[in-house]
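Here is the structure we will look at, set down as structure tokens.
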Amino acid sequence: MSDVKFTSNKRAVMGEAERMAGGILSAVCMAYDGNAVGYITQRGHVDTGLMRASQTHQLDLQNKQGIVGNTAEYAVHVEMPGLTRRWDGGKFMQDALNNYLQEYQQEAEAAARQYFN
């Protein structure tokens, strides 16, 4: 009779899966940030460049989500014109999401292919 030993690789596999998910999510968030910054520039919301430099994201791997935002104090007023004062061409973040959904899908697929090729 032979001795057979079974070893669980569950932790290693799950760790690798989380690393992959984080890489894919990061790629999509970076593409989003680039599109939001593009709208900031295109719509003339540039004085000092602070708002472009303040576009950022965080990854929440535990909940498998990316949190995108802009930390400039006045960004909310540009995103939501009329809240406290009038800014033309608002909704740079909403448009960066809605107008590039197909691009984000392609970005996620390209990032996933890196792990499987």
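Ligands are numbered from 1 in the order shown, chains are lettered A, B, ... in the order of the structure tokens, and residues start at 1 in each chain.
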
- request: Could you pull out the residues in chain A that DSSP calls helix (DSSP H, G or I) from the backbone, as a PyMOL selection string?
  value: chain A and resi 10-42+50-53+75-79+92-98+101-116

- prompt: Could you name the residues that touch Thr71 in chain A at 12 Å or less, counting only C-alpha atoms, but leaving out those on the same chain fewer than 6 positions away, as a list of chain:residue names?
  reply: A:Leu50, A:Met51, A:Arg52, A:Ala53, A:Ser54, A:Gln55, A:Thr56, A:His57, A:Gln58, A:His77

Output for the residues just chosen: N, CA and C atoms as a PDB file, in the first residue's frame:
ATOM      1  N   LEU A  50      -4.902  71.771  -9.671  1.00  0.00           N
ATOM      2  CA  LEU A  50      -5.157  71.047  -8.426  1.00  0.00           C
ATOM      3  C   LEU A  50      -6.220  69.972  -8.603  1.00  0.00           C
ATOM      4  N   MET A  51      -7.285  70.284  -9.312  1.00  0.00           N
ATOM      5  CA  MET A  51      -8.365  69.305  -9.440  1.00  0.00           C
ATOM      6  C   MET A  51      -7.916  68.099 -10.262  1.00  0.00           C
ATOM      7  N   ARG A  52      -7.122  68.330 -11.299  1.00  0.00           N
ATOM      8  CA  ARG A  52      -6.595  67.192 -12.065  1.00  0.00           C
ATOM      9  C   ARG A  52      -5.707  66.326 -11.178  1.00  0.00           C
ATOM     10  N   ALA A  53      -4.864  66.961 -10.388  1.00  0.00           N
ATOM     11  CA  ALA A  53      -3.954  66.222  -9.513  1.00  0.00           C
ATOM     12  C   ALA A  53      -4.687  65.531  -8.365  1.00  0.00           C
ATOM     13  N   SER A  54      -5.909  65.945  -8.087  1.00  0.00           N
ATOM     14  CA  SER A  54      -6.670  65.407  -6.962  1.00  0.00           C
ATOM     15  C   SER A  54      -7.583  64.250  -7.342  1.00  0.00           C
ATOM     16  N   GLN A  55      -7.614  63.896  -8.622  1.00  0.00           N
ATOM     17  CA  GLN A  55      -8.415  62.745  -9.044  1.00  0.00           C
ATOM     18  C   GLN A  55      -7.709  61.486  -8.563  1.00  0.00           C
ATOM     19  N   THR A  56      -8.418  60.635  -7.848  1.00  0.00           N
ATOM     20  CA  THR A  56      -7.773  59.489  -7.219  1.00  0.00           C
ATOM     21  C   THR A  56      -8.728  58.314  -7.067  1.00  0.00           C
ATOM     22  N   HIS A  57      -8.175  57.206  -6.651  1.00  0.00           N
ATOM     23  CA  HIS A  57      -8.998  56.023  -6.364  1.00  0.00           C
ATOM     24  C   HIS A  57      -8.348  55.217  -5.250  1.00  0.00           C
ATOM     25  N   GLN A  58      -9.171  54.417  -4.613  1.00  0.00           N
ATOM     26  CA  GLN A  58      -8.712  53.469  -3.609  1.00  0.00           C
ATOM     27  C   GLN A  58      -9.322  52.121  -3.942  1.00  0.00           C
ATOM     28  N   HIS A  77     -18.569  70.931  -6.333  1.00  0.00           N
ATOM     29  CA  HIS A  77     -19.299  72.043  -6.941  1.00  0.00           C
ATOM     30  C   HIS A  77     -19.184  72.021  -8.464  1.00  0.00           C
TER      31      HIS A  77
END

Got a sec: who's within 9 Å of range 105-109 of chain A, counting only C-alpha atoms, leaving out chain neighbours fewer than 5 positions off, as a CSV table (one decimal) with N, CA and C atoms, in the first residue's frame?
chain,number,residue,atom,x,y,z
A,24,ILE,N,-6.8,43.8,-11.8
A,24,ILE,CA,-7.8,44.1,-12.8
A,24,ILE,C,-8.6,45.4,-12.3
A,25,LEU,N,-8.9,45.4,-11.1
A,25,LEU,CA,-9.7,46.5,-10.5
A,25,LEU,C,-8.8,47.8,-10.6
A,27,ALA,N,-6.5,48.5,-12.8
A,27,ALA,CA,-6.4,48.9,-14.2
A,27,ALA,C,-7.6,49.7,-14.6
A,28,VAL,N,-8.8,49.2,-14.2
A,28,VAL,CA,-10.1,49.9,-14.5
A,28,VAL,C,-10.1,51.3,-13.9
A,31,ALA,N,-7.9,53.8,-15.6
A,31,ALA,CA,-8.5,54.3,-16.8
A,31,ALA,C,-9.6,55.3,-16.5
A,100,TYR,N,-17.7,55.7,-20.9
A,100,TYR,CA,-16.6,54.8,-21.2
A,100,TYR,C,-16.8,53.4,-20.7
A,114,GLN,N,-3.5,39.2,-19.0
A,114,GLN,CA,-2.1,39.2,-18.5
A,114,GLN,C,-1.8,38.1,-17.6

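Considering only C-alpha atoms, the residue among A:Ser26, A:Ser2, A:Gln42, A:Asn9 positioned nearest to Gln65 in chain A is A:Ser26.
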
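The space between CA of Ala96 in chain A and CA of Ala36 in chain A spans 5.1 Å.
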
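In this structure, CA of Met93 in chain A sits 6.7 Å away from CA of Glu79 in chain A.
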
query: What does the distance from CA of Gly69 in chain A to CA of Asp33 in chain A come to in Å, to one decimal?
result: 8.4 Å

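You can rank A:Lys5, A:Arg113, A:His45, A:Arg11 by their closest distance to Ala75 in chain A using only C-alpha atoms, and at the top of that list sits A:His45.
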
- prompt: Which one of A:Met14, A:Ile67, A:Val78, A:Met30 sits closest to Arg43 in chain A if you count only C-alpha atoms?
  reply: A:Val78
